[in-house]
file upload07.tsv (TSV, C-alpha atoms)
chain	number	residue	atom	x	y	z
P	258	MET	CA	10.83	130.15	27.75
P	259	ASP	CA	7.43	129.49	29.25
P	260	VAL	CA	6.47	128.54	32.79
P	261	VAL	CA	3.26	127.05	34.20
P	262	VAL	CA	1.62	129.51	36.62
P	263	GLY	CA	-1.59	127.58	37.23
P	264	ARG	CA	-3.99	124.83	36.21
P	265	ILE	CA	-7.69	125.30	35.65
P	266	ALA	CA	-9.49	122.92	37.99
P	267	LYS	CA	-13.12	123.56	37.08
P	268	ALA	CA	-15.77	126.07	36.15
P	269	HIS	CA	-17.31	128.02	39.02
P	270	GLY	CA	-20.75	129.58	38.82
P	271	ILE	CA	-22.71	130.43	35.69
P	272	ARG	CA	-20.80	133.46	34.38
P	273	GLY	CA	-17.60	131.77	33.19
P	274	GLU	CA	-15.51	132.09	36.33
P	275	LEU	CA	-12.83	129.38	36.76
P	276	ALA	CA	-11.24	127.81	39.83
P	277	VAL	CA	-7.45	127.81	39.35
P	278	ASP	CA	-4.80	125.86	41.24
P	279	VAL	CA	-2.00	128.42	41.46
P	280	ARG	CA	1.59	127.37	40.71
P	281	THR	CA	3.37	130.66	41.24
P	282	ASP	CA	4.67	132.50	44.27
P	283	SER	CA	3.43	135.81	42.89
P	284	PRO	CA	-0.24	135.28	41.95
P	285	GLU	CA	-0.98	138.97	42.51
P	286	GLN	CA	1.30	139.78	39.56
P	287	ARG	CA	0.55	136.78	37.34
P	288	PHE	CA	-3.22	137.13	37.73
P	289	ALA	CA	-3.47	140.93	37.82
P	290	VAL	CA	-6.36	142.46	35.88
P	291	GLY	CA	-5.25	143.02	32.29
P	292	SER	CA	-2.48	140.39	32.40
P	293	ALA	CA	-2.32	137.91	29.56
P	294	VAL	CA	-1.81	134.17	29.91
P	295	THR	CA	-1.73	131.39	27.39
P	296	THR	CA	-3.77	128.28	28.06
P	297	LYS	CA	-2.48	124.91	26.94
P	298	LEU	CA	-5.59	122.80	26.51
P	299	ARG	CA	-5.79	119.05	27.04
P	300	ASP	CA	-6.00	118.47	23.26
P	301	GLY	CA	-2.64	120.23	22.82
P	302	SER	CA	-4.05	123.44	21.37
P	303	SER	CA	-3.48	126.81	23.00
P	304	ARG	CA	-5.44	129.99	23.46
P	305	ASP	CA	-4.50	133.45	24.76
P	306	LEU	CA	-6.68	134.89	27.52
P	307	THR	CA	-6.80	138.19	29.41
P	308	ILE	CA	-7.48	138.37	33.16
P	309	ALA	CA	-10.68	140.32	33.87
P	310	ALA	CA	-10.85	139.59	37.62
P	311	ALA	CA	-9.28	137.31	40.23
P	312	ARG	CA	-10.08	136.59	43.87
P	313	GLU	CA	-9.19	133.97	46.46
P	314	HIS	CA	-11.77	131.33	47.36
P	315	SER	CA	-11.33	128.13	49.42
P	316	GLY	CA	-7.61	127.71	48.75
P	317	ARG	CA	-7.91	128.42	45.04
P	318	LEU	CA	-8.03	131.48	42.90
P	319	LEU	CA	-11.28	132.25	41.09
P	320	VAL	CA	-10.41	133.87	37.79
P	321	ARG	CA	-12.61	135.48	35.18
P	322	PHE	CA	-11.20	135.99	31.68
P	323	GLU	CA	-12.42	138.64	29.24
P	324	GLU	CA	-12.85	135.98	26.55
P	325	VAL	CA	-14.85	133.51	28.71
P	326	LEU	CA	-18.40	134.73	29.29
P	327	THR	CA	-20.39	131.57	30.03
P	328	ARG	CA	-20.09	128.39	32.05
P	329	ASP	CA	-20.24	126.33	28.83
P	330	VAL	CA	-17.12	128.05	27.51
P	331	ALA	CA	-15.45	127.76	30.93
P	332	GLU	CA	-16.09	123.98	30.97
P	333	THR	CA	-14.04	123.62	27.76
P	334	LEU	CA	-11.01	124.94	29.67
P	335	ARG	CA	-11.13	122.36	32.50
P	336	GLY	CA	-7.65	120.90	33.06
P	337	ALA	CA	-5.87	123.51	30.95
P	338	LEU	CA	-2.47	124.76	32.04
P	339	LEU	CA	-1.94	128.50	32.34
P	340	ILE	CA	1.40	129.52	30.86
P	341	ALA	CA	3.38	132.75	31.22
P	342	ASP	CA	6.61	133.89	29.59
P	343	THR	CA	9.56	133.52	32.00
P	344	SER	CA	11.14	136.73	30.68
P	345	THR	CA	8.36	138.65	32.46
P	346	LEU	CA	9.07	137.06	35.85
P	347	PRO	CA	10.63	139.34	38.45
P	348	PRO	CA	14.01	138.18	39.79
P	349	THR	CA	13.85	136.29	43.08
P	350	GLU	CA	15.32	138.28	45.94
P	351	ASP	CA	15.83	135.28	48.25
P	352	PRO	CA	18.94	133.22	47.35
P	353	ASP	CA	17.11	130.08	48.54
P	354	GLU	CA	14.09	130.68	46.31
P	355	PHE	CA	13.87	129.36	42.76
P	356	TYR	CA	11.42	129.20	39.92
P	357	ASP	CA	10.49	125.68	38.82
P	358	HIS	CA	11.91	126.23	35.33
P	359	GLU	CA	15.31	127.11	36.83
P	360	LEU	CA	15.54	123.69	38.53
P	361	GLU	CA	14.09	121.48	35.80
P	362	GLY	CA	16.88	119.81	33.85
P	363	LEU	CA	19.60	120.38	36.46
P	364	ARG	CA	22.04	117.55	37.15
P	365	ALA	CA	21.44	115.90	40.54
P	366	GLU	CA	24.63	114.80	42.27
P	367	LEU	CA	25.96	113.80	45.66
P	368	ALA	CA	28.37	116.03	47.60
P	369	ASP	CA	31.33	114.00	46.27
P	370	GLY	CA	30.28	114.75	42.67
P	371	THR	CA	28.71	111.37	41.92
P	372	VAL	CA	25.94	112.00	39.39
P	373	VAL	CA	22.59	110.62	40.55
P	374	GLY	CA	20.41	111.77	37.65
P	375	ARG	CA	18.60	114.93	36.60
P	376	VAL	CA	15.66	116.96	37.85
P	377	LEU	CA	12.59	116.23	35.73
P	378	GLU	CA	10.13	118.55	37.45
P	379	ILE	CA	9.08	120.11	40.74
P	380	VAL	CA	6.07	118.46	42.37
P	381	HIS	CA	3.98	120.78	44.53
P	382	SER	CA	2.24	118.79	47.25
P	383	PRO	CA	0.35	119.86	50.37
P	384	ALA	CA	3.33	118.69	52.45
P	385	GLY	CA	5.82	120.76	50.44
P	386	GLU	CA	7.85	120.67	47.26
P	387	LEU	CA	9.50	117.53	45.90
P	388	LEU	CA	12.16	117.20	43.24
P	389	SER	CA	11.21	114.53	40.72
P	390	ILE	CA	14.59	113.07	39.76
P	391	GLU	CA	15.30	110.57	37.00
P	392	HIS	CA	17.60	107.99	38.64
P	393	ASP	CA	18.62	104.68	37.07
P	394	GLY	CA	15.73	104.80	34.60
P	395	ARG	CA	13.05	105.52	37.19
P	396	GLU	CA	11.55	108.52	38.94
P	397	VAL	CA	12.53	109.22	42.55
P	398	LEU	CA	10.80	111.93	44.60
P	399	VAL	CA	13.19	113.85	46.84
P	400	PRO	CA	11.90	116.32	49.46
P	401	PHE	CA	13.16	119.77	48.50
P	402	VAL	CA	14.42	120.72	51.96
P	403	LYS	CA	17.84	122.11	52.97
P	404	ALA	CA	18.76	118.95	54.94
P	405	ILE	CA	18.44	116.78	51.81
P	406	VAL	CA	19.20	119.37	49.10
P	407	PRO	CA	21.92	121.46	50.77
P	408	ALA	CA	23.01	123.30	47.61
P	409	VAL	CA	21.43	124.51	44.41
P	410	ASP	CA	23.81	125.87	41.77
P	411	VAL	CA	21.64	127.06	38.89
P	412	ALA	CA	24.59	128.67	37.08
P	413	GLY	CA	26.60	125.45	37.45
P	414	GLY	CA	23.64	123.36	36.30
P	415	ARG	CA	23.39	121.17	39.40
P	416	VAL	CA	21.66	120.40	42.67
P	417	VAL	CA	23.59	118.68	45.45
P	418	LEU	CA	21.84	115.91	47.36
P	419	ASP	CA	22.54	114.51	50.82
P	420	PRO	CA	19.82	111.82	50.85
P	421	PRO	CA	19.05	109.73	53.91
P	422	GLU	CA	19.90	106.07	53.50
P	423	GLY	CA	17.50	104.25	51.23
P	424	LEU	CA	15.87	107.31	49.65
P	425	LEU	CA	17.39	106.68	46.23
P	426	ASP	CA	17.03	102.90	46.54
P	427	ALA	CA	13.23	102.82	46.88
call {"tool": "encode", "arguments": {"input": "upload07.tsv", "output": "structure tokens"}}
result
Amino acid sequence: MDVVVGRIAKAHGIRGELAVDVRTDSPEQRFAVGSAVTTKLRDGSSRDLTIAAAREHSGRLLVRFEEVLTRDVAETLRGALLIADTSTLPPTEDPDEFYDHELEGLRAELADGTVVGRVLEIVHSPAGELLSIEHDGREVLVPFVKAIVPAVDVAGGRVVLDPPEGLLDA
């Protein structure tokens, strides 16, 4: 199974460096020199790339790939997703920490077992993570905080919600 570890925002400089919005808690491992990632381009095609260098810059990671030597080539990668194989991810040591792919597809239910929907994806926002839940044919964004999501049971295939009044009605 594959997991998105970043998204290429734009080219940076003239030597093919790229600004990447990171979507992993372990960028030092995912973007280590010599690591391979697969890019999923906007046209649906994919391309394997090897990390040549990575450094932090203004809230993003600037990454140089061995296969991208010019700004022109870098521009063709704008908007591409960076994908890694989940089998290479280290296990999480914190019981309250999860990879996005572990949560996507889980059944969302209330404490009494009433099924609310399913988790479509995890939305990473500046204010924190949100669970995008399909509920009654529409998408509802639920803050992924302990007060509203008191239990996550990956093995049982569910997340338990304790939503404040009106959250699921909006």
call {"tool": "closest_residue", "arguments": {"input": "upload07.tsv", "among": "P:Gly291, P:Val373, P:Arg317, P:Thr333", "to": "His392 (chain P)", "atoms": "all atoms listed in the file"}}
result
P:Val373
call {"tool": "atom_distance", "arguments": {"input": "upload07.tsv", "atom1": "CA of Glu350 (chain P)", "atom2": "CA of Arg364 (chain P)"}}
result
23.5 Å
call {"tool": "residues_around", "arguments": {"input": "upload07.tsv", "residues": "Arg312 (chain P)", "least_positions_apart": "2", "cutoff": "12 Å", "atoms": "only C-alpha atoms", "output": "list in words"}}
result
Glu274, Leu275, Ala276, Val277, Val279, Pro284, Glu285, Phe288, Ala289, Val290, Ile308, Ala309, Ala310, His314, Ser315, Gly316, Arg317, Leu318, Leu319, Val320 and Arg321 of chain P
call {"tool": "residues_near_point", "arguments": {"input": "upload07.tsv", "point": "(-22.4, 127.6, 31.5)", "cutoff": "12 Å", "atoms": "only C-alpha atoms", "output": "list of chain:residue names"}}
result
P:Lys267, P:Ala268, P:His269, P:Gly270, P:Ile271, P:Arg272, P:Gly273, P:Glu274, P:Leu275, P:Val325, P:Leu326, P:Thr327, P:Arg328, P:Asp329, P:Val330, P:Ala331, P:Glu332, P:Thr333, P:Leu334
call {"tool": "closest_residue", "arguments": {"input": "upload07.tsv", "among": "P:Glu396, P:Asp357, P:Glu366, P:Asp342", "to": "Ile379 (chain P)", "atoms": "only C-alpha atoms"}}
result
P:Asp357
call {"tool": "closest_residue", "arguments": {"input": "upload07.tsv", "among": "P:Leu398, P:Val372, P:Leu360, P:Leu367", "to": "Asp410 (chain P)", "atoms": "all atoms listed in the file"}}
result
P:Leu360
call {"tool": "closest_residue", "arguments": {"input": "upload07.tsv", "among": "P:Asp393, P:Ser382, P:Phe355, P:Ala412", "to": "Asp426 (chain P)", "atoms": "all atoms listed in the file"}}
result
P:Asp393
call {"tool": "atom_distance", "arguments": {"input": "upload07.tsv", "atom1": "CA of Glu391 (chain P)", "atom2": "CA of Ala365 (chain P)"}}
result
8.9 Å
call {"tool": "atom_distance", "arguments": {"input": "upload07.tsv", "atom1": "CA of Ser292 (chain P)", "atom2": "CA of Thr307 (chain P)"}}
result
5.7 Å
call {"tool": "closest_residue", "arguments": {"input": "upload07.tsv", "among": "P:Asp369, P:Glu323, P:Glu354, P:Glu386", "to": "Val294 (chain P)", "atoms": "only C-alpha atoms"}}
result
P:Glu323
call {"tool": "residues_around", "arguments": {"input": "upload07.tsv", "residues": "region 400-409 of chain P", "least_positions_apart": "2", "cutoff": "6 Å", "atoms": "all atoms listed in the file", "output": "list in words"}}
result
Glu386, Leu387, Leu388, Val416, Val417, Leu418, Asp419 and Pro420 of chain P
call {"tool": "closest_residue", "arguments": {"input": "upload07.tsv", "among": "P:Glu378, P:Ala368, P:Val399, P:Ala337", "to": "Tyr356 (chain P)", "atoms": "all atoms listed in the file"}}
result
P:Glu378
